[in-house]
$ cat upload.tsv   # TSV, C-alpha atoms
chain	number	residue	atom	x	y	z
T	1	MET	CA	0.00	0.00	0.00
T	2	LYS	CA	2.87	2.38	0.83
T	3	VAL	CA	4.54	1.71	-2.53
T	4	SER	CA	1.28	2.40	-4.37
T	5	THR	CA	0.76	5.64	-2.45
T	6	ALA	CA	4.27	6.81	-3.19
T	7	ALA	CA	3.85	6.03	-6.91
T	8	ASN	CA	0.63	8.02	-7.00
T	9	GLN	CA	2.34	10.95	-5.33
T	10	ARG	CA	5.00	11.03	-8.05
T	11	LYS	CA	2.35	11.44	-10.80
T	12	PRO	CA	1.64	14.96	-12.04
T	13	ILE	CA	-1.71	16.65	-11.57
T	14	SER	CA	-2.83	15.43	-15.03
T	15	GLY	CA	-2.69	11.84	-13.79
T	16	TRP	CA	-0.03	10.83	-16.33
T	17	SER	CA	3.45	9.76	-15.43
T	18	ARG	CA	6.45	11.13	-17.30
T	19	LYS	CA	6.73	7.91	-19.31
T	20	GLU	CA	3.04	8.00	-20.25
T	21	ARG	CA	3.32	11.60	-21.40
T	22	HIS	CA	6.37	10.66	-23.46
T	23	TYR	CA	4.38	7.98	-25.31
T	24	VAL	CA	1.46	10.38	-25.88
T	25	TYR	CA	3.72	13.06	-27.36
T	26	LEU	CA	5.50	10.45	-29.47
T	27	GLY	CA	2.17	9.18	-30.82
T	28	LEU	CA	1.04	12.72	-31.61
T	29	ALA	CA	4.33	13.38	-33.40
T	30	PHE	CA	3.82	10.33	-35.63
T	31	ALA	CA	0.18	11.25	-36.24
T	32	SER	CA	0.90	14.94	-36.85
T	33	PRO	CA	1.21	14.67	-40.68
T	34	TRP	CA	-2.31	13.21	-40.87
T	35	ILE	CA	-3.68	15.69	-38.30
T	36	ILE	CA	-2.19	18.66	-40.15
T	37	GLY	CA	-3.46	17.35	-43.49
T	38	PHE	CA	-6.93	16.74	-42.05
T	39	LEU	CA	-7.13	20.24	-40.60
T	40	ALA	CA	-5.70	21.92	-43.71
T	41	PHE	CA	-7.46	19.95	-46.44
T	42	THR	CA	-10.73	18.87	-44.79
T	43	VAL	CA	-11.74	21.00	-41.80
T	44	TYR	CA	-10.58	24.36	-43.19
T	45	PRO	CA	-12.19	23.90	-46.65
T	46	PHE	CA	-15.35	22.59	-44.96
T	47	PHE	CA	-15.95	25.71	-42.90
T	48	GLY	CA	-14.41	27.94	-45.57
T	49	SER	CA	-17.03	26.81	-48.09
T	50	LEU	CA	-19.74	27.52	-45.53
T	51	TYR	CA	-18.49	31.08	-45.20
T	52	LEU	CA	-18.15	31.51	-48.98
T	53	SER	CA	-21.72	30.27	-49.47
T	54	LEU	CA	-22.83	33.43	-47.66
T	55	THR	CA	-20.74	35.72	-49.86
T	56	GLU	CA	-20.36	36.88	-53.44
T	57	TYR	CA	-16.92	35.76	-54.58
T	58	ASP	CA	-15.33	35.52	-58.05
T	59	LEU	CA	-11.72	34.52	-57.15
T	60	PHE	CA	-10.35	37.94	-58.14
T	61	SER	CA	-11.97	40.28	-55.63
T	62	PRO	CA	-12.46	39.88	-51.87
T	63	PRO	CA	-15.60	38.01	-50.78
T	64	LYS	CA	-18.60	40.29	-50.30
T	65	TRP	CA	-21.09	39.29	-47.59
T	66	VAL	CA	-24.59	38.71	-49.00
T	67	GLY	CA	-26.10	36.48	-46.33
T	68	LEU	CA	-28.68	33.98	-47.63
T	69	GLN	CA	-28.96	35.63	-51.05
T	70	ASN	CA	-27.16	32.76	-52.81
T	71	TYR	CA	-29.60	30.23	-51.39
T	72	GLU	CA	-32.57	32.36	-52.47
T	73	GLN	CA	-31.17	32.52	-56.01
T	74	ILE	CA	-30.64	28.76	-56.09
T	75	PHE	CA	-34.28	27.98	-55.35
T	76	ALA	CA	-35.33	30.40	-58.10
T	77	ASP	CA	-32.94	28.88	-60.68
T	78	ASP	CA	-34.41	26.50	-63.27
T	79	ARG	CA	-31.01	24.85	-63.81
T	80	PHE	CA	-30.94	23.85	-60.15
T	81	TYR	CA	-34.22	21.94	-60.44
T	82	LYS	CA	-33.22	20.42	-63.78
T	83	SER	CA	-29.88	19.19	-62.43
T	84	LEU	CA	-31.52	17.92	-59.24
T	85	GLY	CA	-34.15	16.00	-61.23
T	86	ASN	CA	-31.52	14.39	-63.47
T	87	THR	CA	-29.45	13.46	-60.42
T	88	PHE	CA	-32.44	11.97	-58.60
T	89	PHE	CA	-33.17	9.88	-61.70
T	90	MET	CA	-29.68	8.39	-61.65
T	91	ALA	CA	-29.73	7.92	-57.88
T	92	PHE	CA	-33.08	6.18	-57.56
T	93	ILE	CA	-33.27	4.40	-60.93
T	94	SER	CA	-29.69	3.60	-61.91
T	95	VAL	CA	-28.35	2.64	-58.47
T	96	PRO	CA	-31.02	-0.03	-57.69
T	97	ILE	CA	-30.65	-1.50	-61.19
T	98	THR	CA	-26.86	-1.62	-60.85
T	99	LEU	CA	-27.14	-3.24	-57.40
T	100	ALA	CA	-29.53	-5.90	-58.72
T	101	VAL	CA	-27.25	-6.70	-61.65
T	102	SER	CA	-24.19	-6.83	-59.37
T	103	LEU	CA	-25.97	-9.26	-57.06
T	104	LEU	CA	-27.05	-11.43	-60.00
T	105	ILE	CA	-23.48	-11.52	-61.32
T	106	ALA	CA	-22.19	-12.42	-57.86
T	107	VAL	CA	-24.66	-15.30	-57.57
T	108	MET	CA	-23.55	-16.66	-60.95
T	109	LEU	CA	-19.87	-16.27	-60.07
T	110	ASN	CA	-20.45	-18.17	-56.82
T	111	PHE	CA	-21.16	-21.42	-58.66
T	112	LYS	CA	-18.44	-24.06	-58.56
T	113	VAL	CA	-17.71	-24.54	-62.25
T	114	LYS	CA	-14.52	-25.08	-64.20
T	115	GLY	CA	-12.59	-21.88	-64.92
T	116	ILE	CA	-14.68	-19.77	-62.52
T	117	ASN	CA	-11.63	-17.64	-61.60
T	118	TYR	CA	-11.28	-16.55	-65.22
T	119	TYR	CA	-14.95	-15.54	-65.35
T	120	ARG	CA	-14.54	-13.53	-62.15
T	121	THR	CA	-11.55	-11.72	-63.63
T	122	ILE	CA	-13.42	-10.92	-66.85
T	123	PHE	CA	-16.39	-9.43	-64.99
T	124	TYR	CA	-14.13	-7.39	-62.70
T	125	LEU	CA	-11.80	-6.00	-65.38
T	126	PRO	CA	-14.08	-3.09	-66.49
T	127	SER	CA	-13.99	-1.77	-62.94
T	128	VAL	CA	-10.25	-1.10	-63.05
T	129	ILE	CA	-10.43	0.93	-66.27
T	130	PRO	CA	-10.17	4.68	-65.55
T	131	ILE	CA	-13.51	6.46	-65.75
T	132	VAL	CA	-12.29	8.80	-68.50
T	133	ALA	CA	-11.19	5.88	-70.67
T	134	SER	CA	-14.50	4.10	-70.02
T	135	ALA	CA	-16.51	7.19	-70.96
T	136	LEU	CA	-14.54	7.66	-74.19
T	137	LEU	CA	-15.01	3.99	-75.04
T	138	TRP	CA	-18.75	4.22	-74.52
T	139	THR	CA	-18.91	7.41	-76.56
T	140	TRP	CA	-17.61	5.34	-79.47
T	141	MET	CA	-19.76	2.28	-78.71
T	142	LEU	CA	-22.95	4.40	-78.57
T	143	ASN	CA	-22.22	6.29	-81.77
T	144	PRO	CA	-25.51	6.18	-83.79
T	145	ASP	CA	-23.71	5.47	-87.08
T	146	PHE	CA	-20.87	3.03	-86.40
T	147	GLY	CA	-21.17	2.20	-82.69
T	148	LEU	CA	-21.14	-1.48	-81.70
T	149	VAL	CA	-24.40	-1.17	-79.74
T	150	ASN	CA	-26.42	0.13	-82.69
T	151	MET	CA	-24.74	-2.31	-85.06
T	152	ALA	CA	-25.90	-5.16	-82.82
T	153	LEU	CA	-29.43	-3.70	-82.63
T	154	ARG	CA	-29.63	-3.34	-86.41
T	155	THR	CA	-28.45	-6.93	-86.81
T	156	LEU	CA	-31.34	-8.05	-84.61
T	157	GLY	CA	-33.79	-5.88	-86.54
T	158	LEU	CA	-34.39	-3.56	-83.59
T	159	THR	CA	-34.57	0.23	-83.46
T	160	ASP	CA	-31.17	1.88	-83.14
T	161	PRO	CA	-31.61	5.11	-81.18
T	162	ALA	CA	-29.32	8.13	-81.25
T	163	TRP	CA	-28.12	7.44	-77.74
T	164	LEU	CA	-26.14	10.60	-77.00
T	165	LEU	CA	-28.13	12.93	-79.26
T	166	ASP	CA	-31.68	12.10	-78.18
T	167	PRO	CA	-32.53	13.39	-74.65
T	168	ARG	CA	-34.75	10.35	-74.12
T	169	TYR	CA	-31.74	8.01	-74.30
T	170	THR	CA	-28.89	10.00	-72.74
T	171	LYS	CA	-29.54	8.84	-69.17
T	172	PRO	CA	-30.16	5.21	-70.26
T	173	SER	CA	-26.74	5.48	-71.90
T	174	LEU	CA	-25.22	6.26	-68.51
T	175	ILE	CA	-27.11	3.34	-66.96
T	176	LEU	CA	-25.63	1.00	-69.58
T	177	MET	CA	-22.21	2.34	-68.76
T	178	SER	CA	-22.73	1.82	-65.03
T	179	LEU	CA	-23.90	-1.76	-65.62
T	180	TRP	CA	-20.72	-2.44	-67.60
T	181	GLY	CA	-18.70	-1.50	-64.51
T	182	SER	CA	-20.81	-3.40	-61.98
T	183	GLY	CA	-18.05	-5.96	-61.42
T	184	ALA	CA	-16.71	-4.09	-58.40
T	185	GLY	CA	-20.03	-4.36	-56.60
T	186	ALA	CA	-20.33	-7.99	-57.69
T	187	LEU	CA	-16.94	-8.72	-56.10
T	188	ILE	CA	-18.13	-7.35	-52.75
T	189	PHE	CA	-21.35	-9.38	-52.98
T	190	LEU	CA	-19.34	-12.47	-53.92
T	191	ALA	CA	-17.16	-12.15	-50.84
T	192	ALA	CA	-20.28	-11.84	-48.68
T	193	LEU	CA	-21.96	-14.80	-50.41
T	194	GLN	CA	-19.06	-17.05	-49.56
T	195	GLY	CA	-19.51	-16.17	-45.92
T	196	VAL	CA	-23.12	-17.40	-45.74
T	197	PRO	CA	-23.19	-20.71	-43.79
T	198	ARG	CA	-23.91	-23.62	-46.13
T	199	GLN	CA	-26.01	-25.43	-43.51
T	200	TYR	CA	-28.78	-22.84	-44.01
T	201	TYR	CA	-29.15	-23.85	-47.65
T	202	GLU	CA	-28.88	-27.56	-46.81
T	203	ALA	CA	-31.61	-27.30	-44.18
T	204	ALA	CA	-33.86	-25.42	-46.63
T	205	GLN	CA	-33.28	-28.06	-49.33
T	206	VAL	CA	-34.23	-30.80	-46.89
T	207	ASP	CA	-37.49	-28.93	-46.27
T	208	GLY	CA	-38.13	-28.80	-50.03
T	209	ALA	CA	-37.44	-25.11	-50.61
T	210	ASN	CA	-36.81	-24.18	-54.26
T	211	TRP	CA	-34.01	-21.94	-55.55
T	212	TRP	CA	-36.05	-18.72	-55.43
T	213	TYR	CA	-37.23	-19.34	-51.88
T	214	ARG	CA	-33.68	-20.04	-50.72
T	215	PHE	CA	-32.44	-16.89	-52.46
T	216	TRP	CA	-35.16	-14.64	-51.05
T	217	LYS	CA	-35.29	-16.06	-47.53
T	218	ILE	CA	-31.62	-16.89	-46.93
T	219	THR	CA	-29.33	-15.10	-49.39
T	220	VAL	CA	-30.94	-11.66	-49.35
T	221	PRO	CA	-31.26	-11.39	-45.54
T	222	ALA	CA	-27.68	-12.61	-45.13
T	223	LEU	CA	-26.47	-9.99	-47.60
T	224	SER	CA	-28.66	-7.16	-46.29
T	225	PRO	CA	-25.78	-5.35	-44.47
T	226	ILE	CA	-23.75	-5.41	-47.69
T	227	ILE	CA	-26.79	-4.25	-49.68
T	228	LEU	CA	-27.18	-1.32	-47.27
T	229	PHE	CA	-23.50	-0.42	-47.59
T	230	GLN	CA	-23.51	-0.59	-51.39
T	231	LEU	CA	-26.80	1.30	-51.58
T	232	ILE	CA	-25.46	4.19	-49.50
T	233	MET	CA	-22.16	4.33	-51.38
T	234	GLY	CA	-23.96	4.07	-54.72
T	235	LEU	CA	-26.32	6.94	-53.86
T	236	ILE	CA	-23.42	9.12	-52.71
T	237	GLY	CA	-21.61	8.36	-55.97
T	238	ALA	CA	-24.74	9.07	-58.04
T	239	PHE	CA	-25.09	12.52	-56.48
T	240	GLN	CA	-21.52	13.27	-57.59
T	241	ILE	CA	-21.75	12.15	-61.23
T	242	PHE	CA	-19.60	14.46	-63.31
T	243	THR	CA	-16.96	12.84	-65.52
T	244	GLU	CA	-19.30	10.50	-67.38
T	245	SER	CA	-21.76	13.29	-68.13
T	246	TYR	CA	-19.09	15.79	-69.15
T	247	ILE	CA	-17.40	13.38	-71.58
T	248	LEU	CA	-20.53	11.80	-73.04
T	249	ALA	CA	-21.93	15.27	-73.67
T	250	GLY	CA	-18.62	16.30	-75.22
T	251	GLY	CA	-18.22	19.19	-72.78
T	252	LYS	CA	-20.61	21.18	-74.96
T	253	VAL	CA	-23.21	23.74	-74.00
T	254	ASP	CA	-26.78	23.86	-75.24
T	255	GLY	CA	-28.68	26.83	-76.59
T	256	SER	CA	-28.96	28.42	-73.16
T	257	GLY	CA	-25.20	28.32	-72.65
T	258	SER	CA	-25.40	25.54	-70.07
T	259	LEU	CA	-23.47	22.30	-69.94
T	260	GLY	CA	-25.43	19.08	-70.01
T	261	GLY	CA	-25.91	17.83	-73.56
T	262	PRO	CA	-29.17	17.81	-75.51
T	263	GLU	CA	-31.95	19.68	-73.68
T	264	GLN	CA	-29.80	19.56	-70.51
T	265	SER	CA	-30.60	15.87	-70.13
T	266	LEU	CA	-27.06	15.26	-68.83
T	267	LEU	CA	-26.98	18.33	-66.59
T	268	PHE	CA	-26.34	16.68	-63.25
T	269	TYR	CA	-25.88	18.45	-59.94
T	270	ALA	CA	-22.08	18.22	-59.94
T	271	VAL	CA	-21.95	19.45	-63.55
T	272	ASN	CA	-24.08	22.46	-62.67
T	273	LEU	CA	-21.90	23.15	-59.62
T	274	TYR	CA	-18.75	22.93	-61.75
T	275	GLN	CA	-20.14	25.34	-64.32
T	276	GLU	CA	-21.18	27.89	-61.71
T	277	ALA	CA	-17.77	27.73	-60.03
T	278	PHE	CA	-15.25	27.41	-62.85
T	279	VAL	CA	-17.08	28.75	-65.90
T	280	PHE	CA	-19.16	31.58	-64.45
T	281	LEU	CA	-16.72	32.10	-61.51
T	282	LYS	CA	-19.58	32.33	-59.01
T	283	MET	CA	-17.73	30.68	-56.15
T	284	GLY	CA	-20.13	31.82	-53.45
T	285	TYR	CA	-23.11	30.51	-55.40
T	286	ALA	CA	-21.29	27.23	-56.09
T	287	SER	CA	-20.44	26.85	-52.40
T	288	ALA	CA	-24.11	27.23	-51.55
T	289	LEU	CA	-24.91	24.53	-54.12
T	290	ALA	CA	-22.32	22.28	-52.47
T	291	TRP	CA	-23.88	22.75	-49.05
T	292	ILE	CA	-27.35	21.94	-50.35
T	293	LEU	CA	-25.91	18.76	-51.89
T	294	PHE	CA	-24.27	17.92	-48.56
T	295	ILE	CA	-27.58	18.33	-46.72
T	296	ILE	CA	-29.47	16.21	-49.29
T	297	VAL	CA	-26.95	13.36	-49.10
T	298	LEU	CA	-26.87	13.60	-45.30
T	299	LEU	CA	-30.68	13.36	-45.07
T	300	ILE	CA	-30.88	10.41	-47.48
T	301	THR	CA	-28.12	8.57	-45.60
T	302	PHE	CA	-29.81	9.28	-42.26
T	303	ILE	CA	-33.16	7.98	-43.54
T	304	LEU	CA	-31.56	4.80	-44.89
T	305	LEU	CA	-29.71	4.12	-41.64
T	306	LYS	CA	-32.80	4.95	-39.58
T	307	THR	CA	-35.03	2.56	-41.54
T	308	SER	CA	-32.40	-0.15	-42.00
T	309	GLY	CA	-33.46	-1.84	-38.77
T	310	ARG	CA	-36.61	-3.06	-40.54
T	311	TRP	CA	-34.82	-4.98	-43.29
T	312	VAL	CA	-31.13	-5.34	-42.39
T	313	TYR	CA	-30.14	-8.43	-40.40
T	314	TYR	CA	-26.79	-8.77	-38.69
T	315	GLY	CA	-25.17	-11.98	-37.54
T	316	GLY	CA	-26.20	-13.01	-34.07
T	317	GLU	CA	-29.52	-11.11	-34.13

$ encode --input "upload.tsv" --output "structure tokens"
Amino acid sequence: MKVSTAANQRKPISGWSRKERHYVYLGLAFASPWIIGFLAFTVYPFFGSLYLSLTEYDLFSPPKWVGLQNYEQIFADDRFYKSLGNTFFMAFISVPITLAVSLLIAVMLNFKVKGINYYRTIFYLPSVIPIVASALLWTWMLNPDFGLVNMALRTLGLTDPAWLLDPRYTKPSLILMSLWGSGAGALIFLAALQGVPRQYYEAAQVDGANWWYRFWKITVPALSPIILFQLIMGLIGAFQIFTESYILAGGKVDGSGSLGGPEQSLLFYAVNLYQEAFVFLKMGYASALAWILFIIVLLITFILLKTSGRWVYYGGE
């Protein structure tokens, strides 16, 4: 007891011994590059954009305080609603379709057949191609005159649409492109599939359950945490679509001087934000757009996480 009391008396007021403080300072020294980078490149731009969203700023003159004027202009801007509608279409139509196709591919790649590793590699390869290269490739494939897609449709006697020229088909073009790169999601689903206990399927087969029943009652619940993860990440990615739209539209403006291809059908939220910031140099307005996007994504993520308890099942529950 005396030794313990003496040791406690040697400790500083903070409760840390000299050796403990040495290890804390050493850890902070090793972590300091990340801490400095986080403060400089994440925290400062985060609050800086919030300040700029309340100002009028064009990069060349000092920011001028305008309060909520930028936000009032946004909700009176037709391009804002057009870009938001296009983005919602991709988020709530393209993402579920891509998830379903990724899951289907994963189920097929989970079969024990000869050469399955080669098939897995083939399906995953498009995911490692840079997005710019993929967009340029699809620009060629969807060419209405000599593109491979329309050549295949004409061979089958089907209608060959002007994919990137007709506003009715521009967003389906992006969906086709996203399906081509669904191998990354399939790989995540495949890893989760291989972790589902086989005895569940064996017990269901003994009870006479068919393939669809086993898939719907065993596979989907077992994969529900992965589905939630991929759904959230897919929605966040859909709200940030830029490169595909910019390249497929050729970086051209329409009659109103706005990016986004024919009839602004490819004017997504990030494209509109880019144009306001780096074409029109309305940095304050663009910062306000960025904060509205942040709030929208935050609300959608919160709703998904809040309602996930009704359909997501974790191991041990």

$ closest_atom_pairs --input "upload.tsv" --of "range 81-146 of chain T" --to "range 208-232 of chain T" --cutoff "10 Å" --atoms "all atoms listed in the file" --output "Markdown table"
| residue | atom | partner | partner_atom | distance |
| --- | --- | --- | --- | --- |
| T:Ala91 | CA | T:Leu231 | CA | 9.6 |
| T:Phe92 | CA | T:Leu231 | CA | 10.0 |
| T:Val95 | CA | T:Leu231 | CA | 7.2 |
| T:Pro96 | CA | T:Leu231 | CA | 7.5 |
| T:Thr98 | CA | T:Leu231 | CA | 9.7 |
| T:Leu99 | CA | T:Leu231 | CA | 7.4 |
| T:Ala100 | CA | T:Ile227 | CA | 9.6 |
| T:Leu103 | CA | T:Ile227 | CA | 9.0 |
| T:Val107 | CA | T:Thr219 | CA | 9.4 |

$ closest_residue --input "upload.tsv" --among "T:Thr42, T:Ser102, T:Thr301, T:Gln194" --to "Phe123 in chain T" --atoms "only C-alpha atoms"
T:Ser102

$ closest_residue --input "upload.tsv" --among "T:Leu84, T:Leu156, T:Ile296, T:Leu136" --to "Asn272 in chain T" --atoms "all atoms listed in the file"
T:Leu84

$ residues_around --input "upload.tsv" --residues "Asn143 in chain T" --least-positions-apart "4" --cutoff "10 Å" --atoms "all atoms listed in the file" --output "list in words"
Trp138, Thr139, Gly147, Leu148, Val149, Asn150, Met151, Pro161, Ala162, Trp163, Leu164 and Leu165 of chain T

$ axis_aligned_box --input "upload.tsv" --around "range 156-170 of chain T" --padding-each-side "8 Å" --output "lines of an AutoDock Vina configuration file"
center_x = -30.4
center_y = 2.7
center_z = -79.6
size_x = 24.6
size_y = 37.4
size_z = 29.8

$ atom_distance --input "upload.tsv" --atom1 "CA of Asp166 in chain T" --atom2 "CA of Gly250 in chain T"
14.0 Å

$ residues_around --input "upload.tsv" --residues "Phe280 in chain T" --least-positions-apart "2" --cutoff "12 Å" --atoms "only C-alpha atoms" --output "list in words"
Tyr57, Asp58, Leu59, Gly257, Ser258, Leu259, Asn272, Leu273, Tyr274, Gln275, Glu276, Ala277, Phe278, Lys282, Met283, Gly284, Tyr285 and Ala286 of chain T

$ residues_around --input "upload.tsv" --residues "Ala186 in chain T" --least-positions-apart "2" --cutoff "7 Å" --atoms "all atoms listed in the file" --output "list in words"
Ser102, Leu103, Ile105, Ala106, Ser182, Gly183, Ala184, Ile188, Phe189 and Leu190 of chain T

$ atom_distance --input "upload.tsv" --atom1 "CA of Val128 in chain T" --atom2 "CA of Thr243 in chain T"
15.7 Å

$ atom_distance --input "upload.tsv" --atom1 "CA of Ala135 in chain T" --atom2 "CA of Ser245 in chain T"
8.5 Å

$ closest_residue --input "upload.tsv" --among "T:Ile236, T:Leu50, T:Ile131, T:Val66" --to "Met90 in chain T" --atoms "all atoms listed in the file"
T:Ile236

$ residues_around --input "upload.tsv" --residues "Phe294 in chain T" --least-positions-apart "4" --cutoff "12 Å" --atoms "all atoms listed in the file" --output "JSON, numbers by chain"
{"T": [46, 49, 50, 236, 239, 240, 269, 270, 287, 288, 289, 290, 298, 299, 300, 301]}
